[in-house]
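Visitor: Input structure: start39.txt, which contains compact mmCIF, C-alpha atoms.
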# COMPACT_ATOMS: atom_id res chain seq x y z
CA MET A 1 25.62 -23.35 -37.63
CA PRO A 2 22.09 -22.67 -38.86
CA HIS A 3 21.62 -19.18 -40.31
CA GLU A 4 19.25 -18.03 -37.56
CA ARG A 5 21.76 -18.77 -34.78
CA MET A 6 24.60 -17.32 -36.81
CA PHE A 7 22.66 -14.09 -37.32
CA ALA A 8 21.69 -13.91 -33.64
CA PHE A 9 25.34 -14.35 -32.61
CA GLY A 10 26.37 -11.73 -35.17
CA GLU A 11 23.79 -9.26 -33.88
CA TYR A 12 25.19 -9.53 -30.36
CA VAL A 13 28.76 -9.10 -31.64
CA ALA A 14 27.77 -6.07 -33.75
CA GLY A 15 25.77 -4.56 -30.89
CA GLY A 16 28.63 -5.11 -28.43
CA ALA A 17 31.15 -3.67 -30.90
CA THR A 18 28.99 -0.62 -31.59
CA SER A 19 28.57 0.00 -27.89
CA VAL A 20 32.25 -0.46 -26.96
CA LEU A 21 33.51 1.70 -29.85
CA MET A 22 30.92 4.36 -29.07
CA ALA A 23 31.71 4.41 -25.33
CA CYS A 24 35.47 4.52 -25.91
CA ALA A 25 35.15 7.35 -28.44
CA ILE A 26 33.01 9.34 -26.00
CA HIS A 27 35.39 8.57 -23.11
CA ALA A 28 38.23 10.02 -25.19
CA ILE A 29 36.27 13.22 -25.83
CA VAL A 30 34.16 13.92 -22.75
CA ALA A 31 35.88 14.53 -19.39
CA PRO A 32 34.48 15.04 -15.88
CA GLY A 33 33.38 18.63 -15.45
CA TRP A 34 31.81 18.99 -18.91
CA ASP A 35 28.40 20.54 -18.96
CA MET A 36 26.10 17.52 -18.92
CA ALA A 37 23.72 18.80 -21.62
CA LEU A 38 26.61 19.49 -24.00
CA ALA A 39 28.19 16.12 -23.16
CA MET A 40 24.92 14.32 -23.96
CA LEU A 41 24.57 16.16 -27.25
CA VAL A 42 28.12 15.24 -28.26
CA GLY A 43 27.61 11.67 -27.02
CA GLY A 44 24.44 11.21 -29.08
CA LEU A 45 26.13 12.48 -32.23
CA VAL A 46 29.25 10.35 -31.71
CA GLY A 47 27.05 7.31 -31.00
CA ILE A 48 25.05 7.80 -34.18
CA GLY A 49 28.26 8.20 -36.18
CA VAL A 50 29.79 5.02 -34.76
CA HIS A 51 26.53 3.14 -35.35
CA LEU A 52 26.47 4.18 -39.01
CA VAL A 53 30.03 2.93 -39.59
CA VAL A 54 29.35 -0.43 -37.93
CA ALA A 55 26.00 -0.75 -39.77
CA MET A 56 27.67 -0.21 -43.15
CA LEU A 57 30.23 -2.94 -42.39
CA ALA A 58 27.97 -5.47 -40.67
CA GLY A 59 24.71 -4.86 -42.59
CA PRO A 60 25.51 -7.05 -45.61
CA LEU A 61 26.59 -9.88 -43.30
CA LEU A 62 23.76 -9.72 -40.79
CA GLY A 63 20.90 -7.87 -42.50
CA MET A 64 20.54 -4.12 -42.77
CA PHE A 65 17.55 -3.61 -40.51
CA PRO A 66 18.53 -5.84 -37.58
CA VAL A 67 21.90 -4.09 -37.40
CA MET A 68 20.33 -0.66 -37.81
CA ALA A 69 17.53 -1.19 -35.28
CA SER A 70 19.67 -2.14 -32.29
CA GLY A 71 22.56 0.05 -33.43
CA SER A 72 20.42 3.18 -33.62
CA LEU A 73 19.20 2.64 -30.05
CA ILE A 74 22.72 1.90 -28.77
CA GLY A 75 24.16 4.86 -30.66
CA SER A 76 21.58 7.50 -29.77
CA TYR A 77 20.48 6.59 -26.24
CA GLY A 78 23.73 4.84 -25.31
CA GLY A 79 25.78 7.76 -26.59
CA MET A 80 23.88 10.17 -24.35
CA ILE A 81 24.02 7.88 -21.30
CA PHE A 82 27.75 7.21 -21.58
CA ALA A 83 28.51 10.89 -22.19
CA MET A 84 26.45 11.77 -19.11
CA ARG A 85 28.48 9.28 -17.05
CA ASP A 86 31.79 10.60 -18.40
CA SER A 87 30.81 14.18 -17.58
CA MET A 88 30.09 13.18 -13.98
CA GLN A 89 32.75 10.66 -12.99
CA ALA A 90 36.13 9.29 -14.00
CA ALA A 91 36.24 5.66 -15.17
CA SER A 92 38.99 3.33 -16.31
CA TRP A 93 39.12 2.24 -19.95
CA GLY A 94 38.50 -1.36 -18.88
CA ARG A 95 35.38 -0.41 -16.98
CA VAL A 96 34.15 1.77 -19.86
CA ALA A 97 34.52 -1.13 -22.30
CA ALA A 98 32.99 -3.74 -19.97
CA ILE A 99 29.91 -1.67 -19.12
CA ALA A 100 29.50 -0.69 -22.78
CA ALA A 101 29.65 -4.32 -23.92
CA LEU A 102 27.00 -5.22 -21.35
CA PHE A 103 24.84 -2.29 -22.51
CA GLY A 104 25.17 -3.43 -26.14
CA PHE A 105 24.18 -7.02 -25.34
CA VAL A 106 21.18 -5.89 -23.29
CA ALA A 107 20.04 -3.53 -26.07
CA VAL A 108 20.29 -6.29 -28.69
CA ALA A 109 18.42 -8.71 -26.41
CA ALA A 110 15.69 -6.11 -25.86
CA VAL A 111 15.28 -5.48 -29.59
CA ARG A 112 15.17 -9.21 -30.32
CA LEU A 113 12.53 -9.69 -27.62
CA TYR A 114 10.46 -6.81 -28.98
CA ASP A 115 10.77 -8.25 -32.48
CA ARG A 116 9.32 -11.54 -31.23
CA ALA A 117 6.47 -9.71 -29.52
CA LEU A 118 5.64 -7.74 -32.67
CA ARG A 119 5.81 -10.83 -34.88
CA SER A 120 3.45 -12.80 -32.68
CA SER A 121 0.91 -9.99 -32.42
CA SER A 122 -1.65 -9.79 -35.19
CA ILE A 123 -2.26 -6.57 -37.07
CA ASP A 124 -5.85 -5.59 -37.72
CA PRO A 125 -6.13 -4.49 -41.35
CA GLY A 126 -9.30 -2.65 -40.33
CA ALA A 127 -7.14 -0.16 -38.45
CA ARG A 128 -5.79 0.93 -41.83
CA GLY A 129 -9.13 0.90 -43.52
CA GLY A 130 -8.91 -2.70 -44.67
CA ARG A 131 -11.26 -5.66 -44.48
CA MET B 1 13.46 7.79 -65.03
CA ASP B 2 16.92 7.50 -66.59
CA GLY B 3 18.43 8.32 -63.19
CA THR B 4 16.50 5.48 -61.57
CA ARG B 5 17.51 3.08 -64.33
CA SER B 6 21.21 3.92 -64.14
CA LYS B 7 21.14 3.77 -60.33
CA TRP B 8 19.85 0.20 -60.40
CA ASP B 9 22.18 -0.72 -63.26
CA ARG B 10 25.06 0.32 -60.99
CA ALA B 11 23.53 -1.40 -57.96
CA SER B 12 23.25 -4.68 -59.87
CA ARG B 13 27.02 -5.19 -59.56
CA THR B 14 26.93 -5.45 -55.76
CA TYR B 15 23.25 -6.29 -55.16
CA ASP B 16 23.71 -9.98 -54.33
CA ARG B 17 26.54 -9.25 -51.91
CA VAL B 18 24.73 -6.40 -50.14
CA THR B 19 21.52 -8.40 -49.74
CA TRP B 20 23.21 -11.71 -48.86
CA ALA B 21 22.01 -11.75 -45.26
CA ASP B 22 18.56 -10.31 -45.99
CA GLU B 23 17.89 -13.03 -48.56
CA ARG B 24 18.63 -15.72 -45.98
CA ARG B 25 16.85 -14.04 -43.09
CA TYR B 26 13.60 -13.51 -44.93
CA ALA B 27 13.50 -16.55 -47.23
CA ALA B 28 10.98 -18.47 -45.09
CA ALA B 29 8.62 -15.49 -44.74
CA LYS B 30 8.81 -14.80 -48.47
CA GLU B 31 8.21 -18.44 -49.35
CA SER B 32 5.13 -18.41 -47.14
CA LEU B 33 3.82 -15.27 -48.88
CA PHE B 34 4.60 -16.62 -52.35
CA ARG B 35 2.40 -19.68 -51.66
CA GLY B 36 -0.47 -17.29 -52.34
CA MET B 37 0.58 -16.84 -55.97
CA ARG B 38 -2.14 -18.11 -58.31
CA GLY B 39 -2.86 -18.14 -62.05
CA ARG B 40 -1.13 -15.58 -64.22
CA CYS B 41 1.32 -13.59 -62.11
CA LEU B 42 3.20 -10.33 -62.40
CA MET B 43 6.30 -9.77 -60.31
CA LEU B 44 7.61 -6.25 -60.00
CA ALA B 45 11.31 -5.51 -59.73
CA ALA B 46 12.87 -8.85 -60.58
CA GLY B 47 16.25 -7.64 -59.33
CA THR B 48 18.84 -10.35 -59.80
CA GLY B 49 16.14 -13.03 -59.54
CA ASN B 50 16.94 -13.99 -55.96
CA ASP B 51 13.29 -14.66 -55.22
CA PHE B 52 12.59 -16.92 -58.21
CA PRO B 53 13.73 -20.14 -56.45
CA LEU B 54 11.13 -19.42 -53.76
CA PHE B 55 8.19 -19.33 -56.20
CA PRO B 56 5.82 -22.30 -56.19
CA PRO B 57 6.52 -24.38 -59.31
CA GLY B 58 4.29 -24.42 -62.35
CA LEU B 59 3.19 -20.78 -62.49
CA LEU B 60 3.14 -18.42 -65.44
CA VAL B 61 5.05 -15.34 -64.27
CA SER B 62 5.97 -12.11 -66.02
CA SER B 63 8.71 -10.34 -64.11
CA ILE B 64 9.67 -6.76 -64.86
CA ASP B 65 12.52 -4.51 -63.85
CA ILE B 66 13.56 -1.03 -64.94
CA SER B 67 17.22 -2.08 -65.05
CA ARG B 68 18.55 -4.10 -67.97
CA ALA B 69 21.66 -5.01 -65.97
CA MET B 70 19.48 -6.51 -63.22
CA LEU B 71 17.51 -8.52 -65.77
CA GLU B 72 20.69 -9.90 -67.31
CA ARG B 73 21.75 -11.16 -63.91
CA ALA B 74 18.26 -12.56 -63.27
CA ARG B 75 18.18 -14.54 -66.54
CA PRO B 76 19.91 -17.77 -65.30
CA ARG B 77 17.56 -17.92 -62.31
CA ALA B 78 14.55 -17.35 -64.57
CA LEU B 79 15.67 -20.21 -66.82
CA ALA B 80 16.04 -22.49 -63.79
CA TYR B 81 12.46 -21.86 -62.63
CA GLU B 82 10.15 -24.88 -63.01
CA GLY B 83 7.37 -23.02 -64.78
CA GLY B 84 7.07 -20.15 -67.24
CA LEU B 85 9.01 -17.05 -66.24
CA SER B 86 9.53 -14.20 -68.68
CA LEU B 87 11.65 -11.12 -68.03
CA VAL B 88 10.71 -7.73 -69.42
CA GLN B 89 12.37 -4.36 -69.03
CA MET B 90 9.57 -2.03 -68.00
CA ASP B 91 8.83 0.99 -65.82
CA ALA B 92 6.34 0.22 -63.03
CA HIS B 93 4.75 3.66 -63.53
CA ARG B 94 3.67 2.67 -67.05
CA LEU B 95 2.98 -1.03 -67.29
CA GLY B 96 2.63 -2.34 -70.82
CA PHE B 97 -0.17 -4.76 -69.96
CA ARG B 98 -3.89 -4.56 -70.57
CA ASP B 99 -6.36 -3.86 -67.76
CA ALA B 100 -7.21 -6.84 -65.52
CA THR B 101 -4.51 -9.12 -66.94
CA PHE B 102 -3.14 -10.77 -63.78
CA ASP B 103 -4.56 -12.99 -61.05
CA THR B 104 -1.65 -12.19 -58.74
CA VAL B 105 0.70 -9.24 -58.58
CA LEU B 106 3.78 -9.64 -56.41
CA SER B 107 5.97 -6.85 -55.17
CA VAL B 108 9.14 -7.53 -53.18
CA SER B 109 10.98 -4.46 -51.91
CA THR B 110 9.75 -2.39 -54.83
CA PHE B 111 7.75 0.46 -53.35
CA CYS B 112 10.75 1.64 -51.35
CA SER B 113 12.35 2.53 -54.67
CA ILE B 114 9.67 3.61 -57.13
CA PRO B 115 9.83 7.41 -57.45
CA ASP B 116 6.01 7.83 -57.39
CA PRO B 117 4.71 4.89 -55.34
CA VAL B 118 1.01 5.76 -55.47
CA ARG B 119 1.14 6.04 -59.26
CA GLY B 120 2.91 2.67 -59.41
CA LEU B 121 0.31 1.08 -57.13
CA ARG B 122 -2.50 2.50 -59.28
CA GLU B 123 -0.91 0.75 -62.25
CA LEU B 124 -0.98 -2.51 -60.29
CA TYR B 125 -4.64 -1.87 -59.48
CA ARG B 126 -5.29 -1.46 -63.20
CA VAL B 127 -3.59 -4.67 -64.33
CA LEU B 128 -4.95 -6.80 -61.47
CA ARG B 129 -8.16 -8.72 -62.13
CA PRO B 130 -11.10 -7.67 -59.90
CA GLU B 131 -10.85 -10.89 -57.87
CA GLY B 132 -7.02 -10.87 -57.96
CA ARG B 133 -4.53 -10.53 -55.09
CA LEU B 134 -1.66 -8.15 -54.54
CA LEU B 135 1.11 -9.73 -52.44
CA LEU B 136 3.69 -7.45 -50.90
CA PHE B 137 6.96 -7.99 -49.09
CA GLU B 138 8.20 -4.51 -48.27
CA HIS B 139 10.21 -2.55 -45.76
CA VAL B 140 8.55 0.57 -44.39
CA ARG B 141 9.13 3.41 -41.93
CA SER B 142 9.11 2.15 -38.34
CA ARG B 143 6.88 3.66 -35.69
CA ILE B 144 9.64 3.21 -33.11
CA GLY B 145 11.00 6.74 -32.55
CA PRO B 146 14.81 6.43 -32.75
CA ILE B 147 14.65 3.83 -35.52
CA ALA B 148 12.28 5.99 -37.57
CA MET B 149 14.54 8.99 -36.99
CA MET B 150 17.53 6.99 -38.24
CA GLN B 151 15.54 5.87 -41.30
CA ASP B 152 14.64 9.51 -42.03
CA LEU B 153 18.25 10.62 -41.59
CA LEU B 154 19.67 7.86 -43.77
CA THR B 155 17.15 8.06 -46.61
CA PRO B 156 18.79 11.01 -48.43
CA ILE B 157 21.98 8.90 -48.52
CA SER B 158 20.44 5.48 -49.23
CA ARG B 159 18.35 6.98 -52.06
CA ARG B 160 21.54 7.73 -54.00
CA PHE B 161 22.56 4.07 -54.11
CA GLY B 162 19.33 2.15 -53.58
CA PRO B 163 15.98 2.40 -51.81
CA ASP B 164 14.29 4.92 -49.54
CA LEU B 165 14.10 3.63 -45.98
CA ASN B 166 11.12 5.62 -44.74
CA ARG B 167 8.20 4.97 -47.08
CA ASP B 168 4.70 4.36 -45.71
CA THR B 169 3.77 1.73 -48.27
CA MET B 170 0.74 0.42 -46.38
CA ALA B 171 -0.84 3.89 -46.39
CA ASN B 172 0.10 4.29 -50.07
CA LEU B 173 -1.77 1.05 -50.81
CA LEU B 174 -4.97 2.55 -49.47
CA ARG B 175 -4.37 5.79 -51.38
CA ALA B 176 -4.13 3.75 -54.59
CA GLY B 177 -7.52 2.15 -53.92
CA PHE B 178 -6.50 -1.21 -52.47
CA ARG B 179 -7.95 -2.82 -49.36
CA LEU B 180 -5.59 -4.61 -46.99
CA VAL B 181 -6.73 -8.09 -46.04
CA ARG B 182 -3.59 -9.22 -44.20
CA GLU B 183 -0.56 -7.49 -42.75
CA GLU B 184 2.21 -9.25 -40.82
CA ASN B 185 5.40 -8.04 -39.19
CA VAL B 186 8.41 -9.98 -40.42
CA TYR B 187 11.08 -7.92 -38.64
CA LEU B 188 9.96 -5.47 -35.95
CA ASP B 189 7.44 -3.17 -37.66
CA ILE B 190 9.87 -2.45 -40.50
CA VAL B 191 9.76 -5.51 -42.77
CA LYS B 192 6.21 -6.55 -43.59
CA ALA B 193 4.32 -9.16 -45.58
CA ALA B 194 0.89 -8.06 -46.72
CA GLU B 195 -1.96 -9.06 -48.94
CA ALA B 196 -4.38 -6.62 -50.57
CA VAL B 197 -7.33 -6.72 -52.95
CA ARG B 198 -9.04 -4.15 -55.15
CA ALA B 199 -11.44 -2.16 -53.00
Could you take the file, read its structure, and then write that structure out as structure tokens?
Guide:
Amino acid sequence: MPHERMFAFGEYVAGGATSVLMACAIHAIVAPGWDMALAMLVGGLVGIGVHLVVAMLAGPLLGMFPVMASGSLIGSYGGMIFAMRDSMQAASWGRVAAIAALFGFVAVAAVRLYDRALRSSSIDPGARGGR
Amino acid sequence: MDGTRSKWDRASRTYDRVTWADERRYAAAKESLFRGMRGRCLMLAAGTGNDFPLFPPGLLVSSIDISRAMLERARPRALAYEGGLSLVQMDAHRLGFRDATFDTVLSVSTFCSIPDPVRGLRELYRVLRPEGRLLLFEHVRSRIGPIAMMQDLLTPISRRFGPDLNRDTMANLLRAGFRLVREENVYLDIVKAAEAVRA
């Protein structure tokens, strides 16, 4: 498999794993009835923690920044969103994992799309005092 | 500076494994940047010499690194280069070269690690010929909020083992007196290839 495809596949796996681990950890901590603000704070912190662990393991295999970029979004925003959900409604473990995996894949796809957009756009050196 | 040297001596043991994916991801972008190397060249931070196979053949390159352990690992790759490639242990803050010595200065992931980046860049300005080119392949602080926040949070940790993650190298270039002529995103707005000249 060419490296580019292998890395793309790996990014989706790492993003899905980050999201599922993060959502399951939050589901184990946050229960319906929690204050939503507190739940979101806890969720964000748990998400960032899970992201850091996955990034340390997957970074050397997939590249530090690609793992960190999508993982930081999944961990911080995803952590808050999943904690908000868990504070409001009960959900089965299967549903938690399935929705989290979907969230992770969508986040990775969004980051990859944004990367393409940034790469294809030209940067004006004049904006930094160049040329 | 001894702290920096010993940090990179330690890092040399795992450097190739930790950067395995990055070397493959960015090889094409680096190769494209390196095509701009001309005449007598200086490469900062040789590391383990991973970038040497991507150099155009036939150049005369002096490559420096603060870490002797890194240079020892780079030696076989330097010997395999089809051109002249010498390795020298040197601190980028105090380059042992005369003014206006080089036609091209190349920096690959260096200014994320140099303790005083503007001072280091001023040294490059000094050793670069007036019509010379500075080629950079660097990672910088993102402007995407959560990613930048993560880079800021992780830098106190990453600095202990390797580079800072949140440097603004493009702004530092201008502070050192360079003028940017080209800047390209290689990965998001974090990994960049750039070309600068003396202002």
Visitor: Would you compute the distance between CA of Gly10 in chain A and CA of Val186 in chain B? Give it in Å to one decimal.
Guide: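 The value is 18.8 Å.
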Visitor: Taking all atoms listed in the file into account, report as a PyMOL selection string which residues of chain B lie within 10 Å of chain A.
Guide: chain B and resi 15-26+139+142+144-151+154+165+170-171+173-174+178-192+194-197+199
Visitor: Let me have the centre and edge lengths in Å, one decimal, of the box along x, y and z around every listed atom of range 49-58 of chain A with 3 Å of margin on each side, as AutoDock Vina command-line options.
Guide:
--center_x 28.1 --center_y 1.4 --center_z -39.0 --size_x 10.2 --size_y 19.7 --size_z 14.4
Visitor: At what distance in Å, to one decimal, does CA of Gly49 in chain B lie from CA of Val88 in chain B?
Guide: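 Pair CA of Val88 in chain B / CA of Gly49 in chain B returns 12.5 Å.
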Visitor: For a cutoff of 12 Å around the file-coordinate point (-12.6, -13.7, -56.3), which residues qualify once you count all atoms listed in the file? I'd like the result as a list in words.
Guide: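 Residues close enough to count: Arg38, Asp103, Thr104, Leu128, Arg129, Pro130, Glu131, Gly132, Arg133, Val197 and Arg198 of chain B.
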Visitor: What lies within 12 Å of Leu21 in chain A using only C-alpha atoms, ignoring chain neighbours under 5 positions off, as a PyMOL selection string?
Guide: chain A and resi 13-16+26-28+43+46-54+71+74-75+78-79+82+93+96-101+104
Visitor: Nearest residue to Pro163 in chain B out of B:Leu106, B:Leu124, B:Leu135, B:Cys112, using all atoms listed in the file?
Guide: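 With all atoms listed in the file as the atom set, the closest residue is B:Cys112.
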Visitor: List as a PDB file with C-alpha atoms, in the coordinates of the input the residues having at least one atom at most 9 Å from position (16.1, 3.5, -62.2) as given in the file, counting all atoms listed in the file.
Guide:
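Writing done, so here's result_32.pdb:
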ATOM      1  CA  MET B   1      13.460   7.790 -65.030  1.00  0.00           C
ATOM      2  CA  ASP B   2      16.920   7.500 -66.590  1.00  0.00           C
ATOM      3  CA  GLY B   3      18.430   8.320 -63.190  1.00  0.00           C
ATOM      4  CA  THR B   4      16.500   5.480 -61.570  1.00  0.00           C
ATOM      5  CA  ARG B   5      17.510   3.080 -64.330  1.00  0.00           C
ATOM      6  CA  SER B   6      21.210   3.920 -64.140  1.00  0.00           C
ATOM      7  CA  LYS B   7      21.140   3.770 -60.330  1.00  0.00           C
ATOM      8  CA  TRP B   8      19.850   0.200 -60.400  1.00  0.00           C
ATOM      9  CA  ASP B   9      22.180  -0.720 -63.260  1.00  0.00           C
ATOM     10  CA  ASP B  65      12.520  -4.510 -63.850  1.00  0.00           C
ATOM     11  CA  ILE B  66      13.560  -1.030 -64.940  1.00  0.00           C
ATOM     12  CA  SER B  67      17.220  -2.080 -65.050  1.00  0.00           C
ATOM     13  CA  ASP B  91       8.830   0.990 -65.820  1.00  0.00           C
ATOM     14  CA  SER B 113      12.350   2.530 -54.670  1.00  0.00           C
ATOM     15  CA  ILE B 114       9.670   3.610 -57.130  1.00  0.00           C
ATOM     16  CA  PRO B 115       9.830   7.410 -57.450  1.00  0.00           C
TER      17      PRO B 115
END
Visitor: Residues near Glu82 in chain B, anyone? I mean within 12 Å using all atoms listed in the file, not counting same-chain ones fewer than 3 positions away, as an MDAnalysis selection string.
Guide: chainID B and resid 52:61 77:79 85
Visitor: Go ahead and write the residues just picked, C-alpha atoms, as a compact mmCIF listing (two decimals), in the coordinates of the input.
Guide:
# COMPACT_ATOMS: atom_id res chain seq x y z
CA PHE B 52 12.59 -16.92 -58.21
CA PRO B 53 13.73 -20.14 -56.45
CA LEU B 54 11.13 -19.42 -53.76
CA PHE B 55 8.19 -19.33 -56.20
CA PRO B 56 5.82 -22.30 -56.19
CA PRO B 57 6.52 -24.38 -59.31
CA GLY B 58 4.29 -24.42 -62.35
CA LEU B 59 3.19 -20.78 -62.49
CA LEU B 60 3.14 -18.42 -65.44
CA VAL B 61 5.05 -15.34 -64.27
CA ARG B 77 17.56 -17.92 -62.31
CA ALA B 78 14.55 -17.35 -64.57
CA LEU B 79 15.67 -20.21 -66.82
CA LEU B 85 9.01 -17.05 -66.24
Visitor: Quick one: pull the distance between CA of Arg119 in chain B and CA of Phe34 in chain B, Å, one decimal.
Guide: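 Separating CA of Arg119 in chain B from CA of Phe34 in chain B is a distance of 23.9 Å.
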Visitor: Applying 9 Å and all atoms listed in the file, which residues near Leu121 in chain B remain after dropping the ones on its own chain fewer than 6 positions away? List them as a list in words.
Guide: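 Once the nearby chain positions are removed, what remains is Ala92, His93, Phe111, Asn172, Leu173, Arg175, Ala176, Gly177 and Phe178 of chain B.
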Visitor: Mind checking which residues fall within 9 Å of Leu87 in chain B, counting only C-alpha atoms, ignoring those fewer than 4 positions away in the same chain, and posting them as a PyMOL selection string?
Guide: chain B and resi 46+61-65+71+74-75+78
Visitor: For range 34-58 of chain A, supply N, CA and C atoms and format the output as a compact mmCIF listing (two decimals), in the frame of the given file.
Guide:
# COMPACT_ATOMS: atom_id res chain seq x y z
N TRP A 34 32.53 18.47 -17.74
CA TRP A 34 31.81 18.99 -18.91
C TRP A 34 30.37 19.32 -18.49
N ASP A 35 29.82 20.29 -19.14
CA ASP A 35 28.40 20.54 -18.96
C ASP A 35 27.63 19.31 -19.44
N MET A 36 26.74 18.81 -18.60
CA MET A 36 26.10 17.52 -18.92
C MET A 36 25.27 17.57 -20.21
N ALA A 37 24.57 18.69 -20.42
CA ALA A 37 23.72 18.80 -21.62
C ALA A 37 24.59 18.76 -22.88
N LEU A 38 25.70 19.48 -22.84
CA LEU A 38 26.61 19.49 -24.00
C LEU A 38 27.22 18.10 -24.20
N ALA A 39 27.60 17.47 -23.08
CA ALA A 39 28.19 16.12 -23.16
C ALA A 39 27.20 15.14 -23.80
N MET A 40 25.93 15.24 -23.41
CA MET A 40 24.92 14.32 -23.96
C MET A 40 24.70 14.56 -25.44
N LEU A 41 24.73 15.82 -25.83
CA LEU A 41 24.57 16.16 -27.25
C LEU A 41 25.73 15.57 -28.06
N VAL A 42 26.93 15.78 -27.57
CA VAL A 42 28.12 15.24 -28.26
C VAL A 42 28.06 13.71 -28.26
N GLY A 43 27.68 13.13 -27.12
CA GLY A 43 27.61 11.67 -27.02
C GLY A 43 26.63 11.07 -28.01
N GLY A 44 25.46 11.70 -28.13
CA GLY A 44 24.44 11.21 -29.08
C GLY A 44 24.96 11.25 -30.51
N LEU A 45 25.62 12.35 -30.86
CA LEU A 45 26.13 12.48 -32.23
C LEU A 45 27.25 11.47 -32.51
N VAL A 46 28.16 11.32 -31.54
CA VAL A 46 29.25 10.35 -31.71
C VAL A 46 28.66 8.94 -31.83
N GLY A 47 27.69 8.64 -30.98
CA GLY A 47 27.05 7.31 -31.00
C GLY A 47 26.40 7.02 -32.34
N ILE A 48 25.71 8.00 -32.88
CA ILE A 48 25.05 7.80 -34.18
C ILE A 48 26.10 7.59 -35.28
N GLY A 49 27.18 8.36 -35.20
CA GLY A 49 28.26 8.20 -36.18
C GLY A 49 28.88 6.81 -36.13
N VAL A 50 29.18 6.35 -34.92
CA VAL A 50 29.79 5.02 -34.76
C VAL A 50 28.81 3.95 -35.26
N HIS A 51 27.55 4.11 -34.91
CA HIS A 51 26.53 3.14 -35.35
C HIS A 51 26.48 3.04 -36.87
N LEU A 52 26.55 4.20 -37.54
CA LEU A 52 26.47 4.18 -39.01
C LEU A 52 27.65 3.42 -39.62
N VAL A 53 28.84 3.63 -39.07
CA VAL A 53 30.03 2.93 -39.59
C VAL A 53 29.88 1.42 -39.41
N VAL A 54 29.50 1.01 -38.19
CA VAL A 54 29.35 -0.43 -37.93
C VAL A 54 28.23 -1.01 -38.80
N ALA A 55 27.13 -0.25 -38.97
CA ALA A 55 26.00 -0.75 -39.77
C ALA A 55 26.41 -0.97 -41.22
N MET A 56 27.22 -0.06 -41.76
CA MET A 56 27.67 -0.21 -43.15
C MET A 56 28.51 -1.48 -43.32
N LEU A 57 29.34 -1.77 -42.30
CA LEU A 57 30.23 -2.94 -42.39
C LEU A 57 29.48 -4.25 -42.11
N ALA A 58 28.60 -4.22 -41.11
CA ALA A 58 27.97 -5.47 -40.67
C ALA A 58 26.64 -5.74 -41.38
